[in-house]
Amino acid sequence: MNRTPRLRIAADIGGTFTDVAAFDERRGTLHLGKTLTTPARLIDGILEGMRKAGVALEEAKLFLHGSTIAINTMLERTGAKTALVTTRGFRDIYEIGRINRPDSFNLRHRKHAPLVERDLRFEVGERMRADGTVHRALDLAEVEAIADELAARGIEAVAVLFLHAYRNPAHERAAKACLERRLPGVFVTISSDLSQEYREYERTSTAVANAYIGPRVDRYLGEIESEIARANFGGRFLVVQSTGGLYALAEARRDCVRMMESGPAAGVIGTQALCRALGIADAIAFDMGGTTAKAGVVRGGAALVTGSTMIGGYLTGLPLLTPMIDIHEVGTGGGSIATVSASGALRVGPQSAGAAPGPVCYGLGGSEPTVTDANLVLGRLDARHFLGGEMALDAKAAAAAIRRRIAAPLGLSATQAALGILRIAAAAMSHAVKGVTTDRGLDPGAFPVLVAYGGAGPLHASMVARELSMPRVVVPRAPGHFSAFGMLLADFRRDLVRSHFTTLEAVGLDTLAAWFAELEAPGQAALAAADLRARGVTVQRSLDMRYVGQEHAVTVELPATVFARGGKAAIKRAFDAAHEERYGRGSPGEPAEIVSIRSAVIGRMKHPTLERIARGGARPPDAARAGTRRAYFEAGGWAAAAVYRREALEAGNRIAGPALIEEHATTTVLQPGDRLVVEPFGSLDITIGRP
């Protein structure tokens, strides 16, 4: 057998399943594998997924990886014992935050809970001025004394945040060198390595989050590196960032917060590529897996990116000051547990049965009914052909659990209870979509297409689209592996940002261009060091701007021609338009100021292309028909739904609901009134029926 490296392998580890997608560059073929995630040793799930895909690491020249380990560590509060070292007088800024009250009328509202307790926050004498000059030199003796105390207290990670380090990081770097010297084996992170923006609270939170998750992520990535080395892998190992771009393993082990949303971001990158192939400018990416549902936005053919986010939600979450694809997440997935509250209300999630013990129907010890159990009870899943028949489901156990835990307490039938679970889940998932649209001043109902993927996305897409009044759903090929496939479409990317405060009127275009060139130099150097033989380099530039006197800024993308023609007048017009879209009004007559400059240096890589499928007639071929199955739908109740094998469908085939289109990792549900046509790349293009 010819073992010359020819594969690009991508592995996406989720809370319930691990997905593998491998592209054979020589033959142009795609290989897919899916297995339950192995929490005790995550690398085992990756290797099993490769085995099911029929590929081996020794055949790979590129291994791409994304995981939920970073965000799960933060949300579950299972990170390292962490300390914070900061400028004297700023010990409590991490707890004080912004003193805003996001839930104004809730008398029992509780603030965010810091990842570091107050007695593990230490102050040192040092001070930089806002212009980067030294006001008070760093007292290294204090740092050494703190290091000795941290060693005695068994600290595993340290975050360092000094005031105005975004302007001059010299003191932070000196403190890091001292701490690493006196605390061997302790994970040390400094804010200036992660962000060069102002806002000391957000920078503190970002640095602490990186330190908190650092030891676990570093150890986990190290284990994967060792395992693939033992498997004779001689290629490059790259990690997917939250921006959907790739970065080197050494950077991922140091700047862990950049992979906080790596798996979901890859799905949005895949959606972006699919939309370009289908000629769709605007779409919402909807990803539902076993644990959560996520949504992102593709607008004008590009994924929307944000410079900051709240991990854990706006009410009680912690801010991260790092670029990422704007993704909103809710705790509703196939494994989300349904319960009846003390007040008699039916709730779904955010608790999840995960991969172990999993839903009741898995037969692995789960006893609480889940969304997957509800789908099985309503006939939307085939108990004998789940995961292509690899895993048998127990429909009787699922029905018994729903009857015992949900139906009996609420005085409902098992069918009514199961439908109630799905209706509540669909409503919750619609909030994920609204979170990435309405917050930007966008109307989700104005988007023409919902692209649905993930193991549970196609099951619920029609219900979610109805909830949002969206007219059309597109289900890509292999939706259960779509995020892993999206990794194969990712490019090497370095996002850079630096705060510069000046009015637009006061700065010259030459000065602005010089600032951008200086900012982008590390990105160009990182691309060169990666030695990926990029097919071209693209630089995307933008400005964070606001009207003079405002506090909050909006990000304004700069077209490549702005420095050649249009100039500052074009920048001002673009800012006015962006402000009007976000806040409902712009003020063309008001002066504007620049807060920060942003650049993304992108090394374009060779990507697999979307393959066309065989062309057929309007009627699906006989080989695609797999009979009928009784399934329950909100409109019409129990009905005989036609069942089709997706792999046998041809381009141009048309199907009317009610129908179920089955494939290895998921089932697409067509409700009564829905109409489907198979498009040339194999996607299922569904027109949602009107009530």
# chains A, B, ... in the order shown; residues from 1 in each chain; ligands from 1
>>> select_by_dssp(residues="segment 536-675 of chain A", states="alpha helix (DSSP H)", output="list of chain:residue names")
A:Gly567, A:Lys568, A:Ala569, A:Ala570, A:Ile571, A:Lys572, A:Arg573, A:Ala574, A:Phe575, A:Asp576, A:Ala577, A:Ala578, A:His579, A:Glu580, A:Glu581, A:Arg582, A:Tyr583
>>> closest_atom_pairs(of="segment 318-407 of chain A", to="segment 190-205 of chain A", cutoff="8 Å", atoms="only C-alpha atoms", output="JSON lines")
{"residue": "A:Leu318", "atom": "CA", "partner": "A:Ser205", "partner_atom": "CA", "distance": 6.6}
{"residue": "A:Pro319", "atom": "CA", "partner": "A:Glu202", "partner_atom": "CA", "distance": 5.8}
{"residue": "A:Leu320", "atom": "CA", "partner": "A:Glu202", "partner_atom": "CA", "distance": 6.3}
{"residue": "A:Leu321", "atom": "CA", "partner": "A:Glu202", "partner_atom": "CA", "distance": 6.0}
{"residue": "A:Thr322", "atom": "CA", "partner": "A:Ser195", "partner_atom": "CA", "distance": 6.8}
>>> residues_around(residues="segment 123-136 of chain A", least_positions_apart="2", cutoff="9 Å", atoms="only C-alpha atoms", output="list in words")
Leu84, Val85, Thr86, Thr87, Arg88, Gly89, Phe90, Arg91, Arg121, Leu138, Asp139, Leu140, Glu142, Val143, Ile146, Phe162, Leu163, His164, Ala165, Tyr166, Arg167, Asn168, Pro169 and His171 of chain A
>>> residues_around(residues="Arg219 of chain A", least_positions_apart="6", cutoff="12 Å", atoms="only C-alpha atoms", output="list in words")
Arg41, Leu42, Ile43, Ile69, Ala70, Gly79, Ala80, Gly185, Phe187, Ile213, Glu225, Ser226, Ala252, Arg253, Arg254 and Cys256 of chain A
>>> select_by_dssp(residues="segment 123-208 of chain A", states="strand (DSSP E or B)", output="list in words")
Glu123, Val124, Arg127, Met128, Val134, His135, Arg136, Ala157, Val158, Ala159, Val160, Leu161, Phe187, Val188, Thr189, Ile190 and Gln196 of chain A
>>> write_last_selection(atoms="C-alpha atoms", output="PDB file, in the first residue's frame")
ATOM      1  CA  GLU A 123      -0.943  43.608  43.854  1.00  0.00           C
ATOM      2  CA  VAL A 124       2.529  44.857  42.951  1.00  0.00           C
ATOM      3  CA  ARG A 127       2.588  51.905  36.757  1.00  0.00           C
ATOM      4  CA  MET A 128       2.628  52.738  33.063  1.00  0.00           C
ATOM      5  CA  VAL A 134       6.973  54.422  32.825  1.00  0.00           C
ATOM      6  CA  HIS A 135       5.447  56.249  35.771  1.00  0.00           C
ATOM      7  CA  ARG A 136       6.692  53.755  38.396  1.00  0.00           C
ATOM      8  CA  ALA A 157      -1.693  28.955  36.879  1.00  0.00           C
ATOM      9  CA  VAL A 158      -1.040  32.707  37.126  1.00  0.00           C
ATOM     10  CA  ALA A 159      -2.545  35.573  35.139  1.00  0.00           C
ATOM     11  CA  VAL A 160      -0.735  38.926  34.999  1.00  0.00           C
ATOM     12  CA  LEU A 161      -2.573  42.170  34.210  1.00  0.00           C
ATOM     13  CA  PHE A 187       1.175  28.059  33.552  1.00  0.00           C
ATOM     14  CA  VAL A 188       1.824  31.834  33.357  1.00  0.00           C
ATOM     15  CA  THR A 189      -0.068  34.144  30.989  1.00  0.00           C
ATOM     16  CA  ILE A 190       0.072  37.911  30.488  1.00  0.00           C
ATOM     17  CA  GLN A 196      -3.519  45.049  22.941  1.00  0.00           C
TER      18      GLN A 196
END
>>> residues_around(residues="Ile46 of chain A", least_positions_apart="2", cutoff="8 Å", atoms="only C-alpha atoms", output="VMD selection string")
chain A and resid 11 13 18 to 20 42 to 44 48 to 50
>>> write_last_selection(atoms="all heavy atoms", output="short mmCIF file (atom, residue, chain, number, x, y, z; two decimals), in the first residue's frame")
data_model
loop_
_atom_site.label_atom_id
_atom_site.label_comp_id
_atom_site.auth_asym_id
_atom_site.auth_seq_id
_atom_site.Cartn_x
_atom_site.Cartn_y
_atom_site.Cartn_z
N ALA A 11 -10.57 16.69 12.95
CA ALA A 11 -11.30 16.03 14.04
C ALA A 11 -11.97 17.09 14.89
O ALA A 11 -11.32 18.04 15.35
CB ALA A 11 -10.34 15.19 14.89
N ILE A 13 -14.23 17.46 18.30
CA ILE A 13 -14.71 16.79 19.51
C ILE A 13 -15.83 17.61 20.12
O ILE A 13 -15.62 18.77 20.52
CB ILE A 13 -13.58 16.59 20.53
CG1 ILE A 13 -12.50 15.68 19.96
CG2 ILE A 13 -14.13 16.00 21.82
CD1 ILE A 13 -11.36 15.42 20.91
N THR A 18 -17.75 12.63 18.58
CA THR A 18 -16.51 13.07 17.95
C THR A 18 -16.61 12.77 16.46
O THR A 18 -16.91 11.63 16.07
CB THR A 18 -15.30 12.34 18.55
OG1 THR A 18 -15.14 12.74 19.92
CG2 THR A 18 -14.02 12.66 17.79
N ASP A 19 -16.38 13.79 15.63
CA ASP A 19 -16.52 13.66 14.18
C ASP A 19 -15.15 13.77 13.51
O ASP A 19 -14.33 14.60 13.90
CB ASP A 19 -17.43 14.75 13.63
CG ASP A 19 -18.81 14.72 14.26
OD1 ASP A 19 -19.30 13.62 14.53
OD2 ASP A 19 -19.39 15.80 14.50
N VAL A 20 -14.95 12.96 12.49
CA VAL A 20 -13.71 12.98 11.71
C VAL A 20 -14.06 13.13 10.24
O VAL A 20 -14.96 12.45 9.73
CB VAL A 20 -12.88 11.70 11.93
CG1 VAL A 20 -11.73 11.62 10.94
CG2 VAL A 20 -12.36 11.65 13.37
N LEU A 42 -9.87 11.78 25.53
CA LEU A 42 -10.49 12.29 24.32
C LEU A 42 -9.81 11.79 23.05
O LEU A 42 -10.46 11.65 22.01
CB LEU A 42 -10.50 13.82 24.35
CG LEU A 42 -11.39 14.44 25.44
CD1 LEU A 42 -11.18 15.94 25.51
CD2 LEU A 42 -12.86 14.14 25.17
N ILE A 43 -8.50 11.52 23.11
CA ILE A 43 -7.78 11.06 21.93
C ILE A 43 -8.32 9.72 21.44
O ILE A 43 -8.30 9.43 20.24
CB ILE A 43 -6.26 10.95 22.23
CG1 ILE A 43 -5.48 10.54 20.98
CG2 ILE A 43 -6.00 9.98 23.36
CD1 ILE A 43 -5.54 11.54 19.86
N ASP A 44 -8.89 8.92 22.35
CA ASP A 44 -9.43 7.62 21.93
C ASP A 44 -10.59 7.80 20.96
O ASP A 44 -10.76 7.03 20.01
CB ASP A 44 -9.89 6.82 23.16
CG ASP A 44 -8.71 6.36 24.02
OD1 ASP A 44 -7.58 6.33 23.49
OD2 ASP A 44 -8.92 6.06 25.20
N GLU A 48 -10.77 6.35 17.16
CA GLU A 48 -11.88 5.49 16.75
C GLU A 48 -12.62 6.10 15.56
O GLU A 48 -13.05 5.39 14.64
CB GLU A 48 -12.84 5.28 17.93
CG GLU A 48 -14.08 4.46 17.62
CD GLU A 48 -13.79 3.03 17.20
OE1 GLU A 48 -12.64 2.58 17.37
OE2 GLU A 48 -14.72 2.36 16.70
N GLY A 49 -12.76 7.43 15.56
CA GLY A 49 -13.39 8.10 14.42
C GLY A 49 -12.59 7.90 13.15
O GLY A 49 -13.15 7.70 12.06
N MET A 50 -11.26 7.94 13.25
CA MET A 50 -10.42 7.69 12.08
C MET A 50 -10.57 6.25 11.59
O MET A 50 -10.61 5.98 10.38
CB MET A 50 -8.95 7.97 12.42
CG MET A 50 -8.64 9.44 12.63
SD MET A 50 -6.90 9.68 12.99
CE MET A 50 -6.87 11.44 13.35
#
>>> residues_around(residues="Ala338 of chain A", least_positions_apart="3", cutoff="7 Å", atoms="only C-alpha atoms", output="tab-separated table (two decimals) with N, CA, C and O atoms, in the first residue's frame")
chain	number	residue	atom	x	y	z
A	347	ARG	N	-39.50	21.97	31.33
A	347	ARG	CA	-38.25	22.62	30.95
A	347	ARG	C	-37.37	21.65	30.19
A	347	ARG	O	-37.40	20.43	30.45
A	348	VAL	N	-36.57	22.19	29.27
A	348	VAL	CA	-35.64	21.38	28.49
A	348	VAL	C	-34.26	22.00	28.58
A	348	VAL	O	-34.06	23.14	28.16
A	349	GLY	N	-33.27	21.25	29.12
A	349	GLY	CA	-31.91	21.75	29.30
A	349	GLY	C	-31.83	22.76	30.42
A	349	GLY	O	-32.82	23.03	31.09
A	369	PRO	N	-35.39	11.59	30.58
A	369	PRO	CA	-35.77	11.74	29.17
A	369	PRO	C	-35.12	12.96	28.53
A	369	PRO	O	-34.95	13.99	29.17
A	370	THR	N	-34.78	12.82	27.27
A	370	THR	CA	-34.08	13.87	26.55
A	370	THR	C	-34.80	14.18	25.23
A	370	THR	O	-35.78	13.53	24.86
A	421	ILE	N	-41.85	18.61	24.55
A	421	ILE	CA	-40.39	18.71	24.68
A	421	ILE	C	-39.79	19.33	23.42
A	421	ILE	O	-38.94	20.23	23.49
>>> residues_around(residues="Ile613 of chain A", least_positions_apart="3", cutoff="9 Å", atoms="only C-alpha atoms", output="NGL selection string")
:A and (649-651 or 679-682)
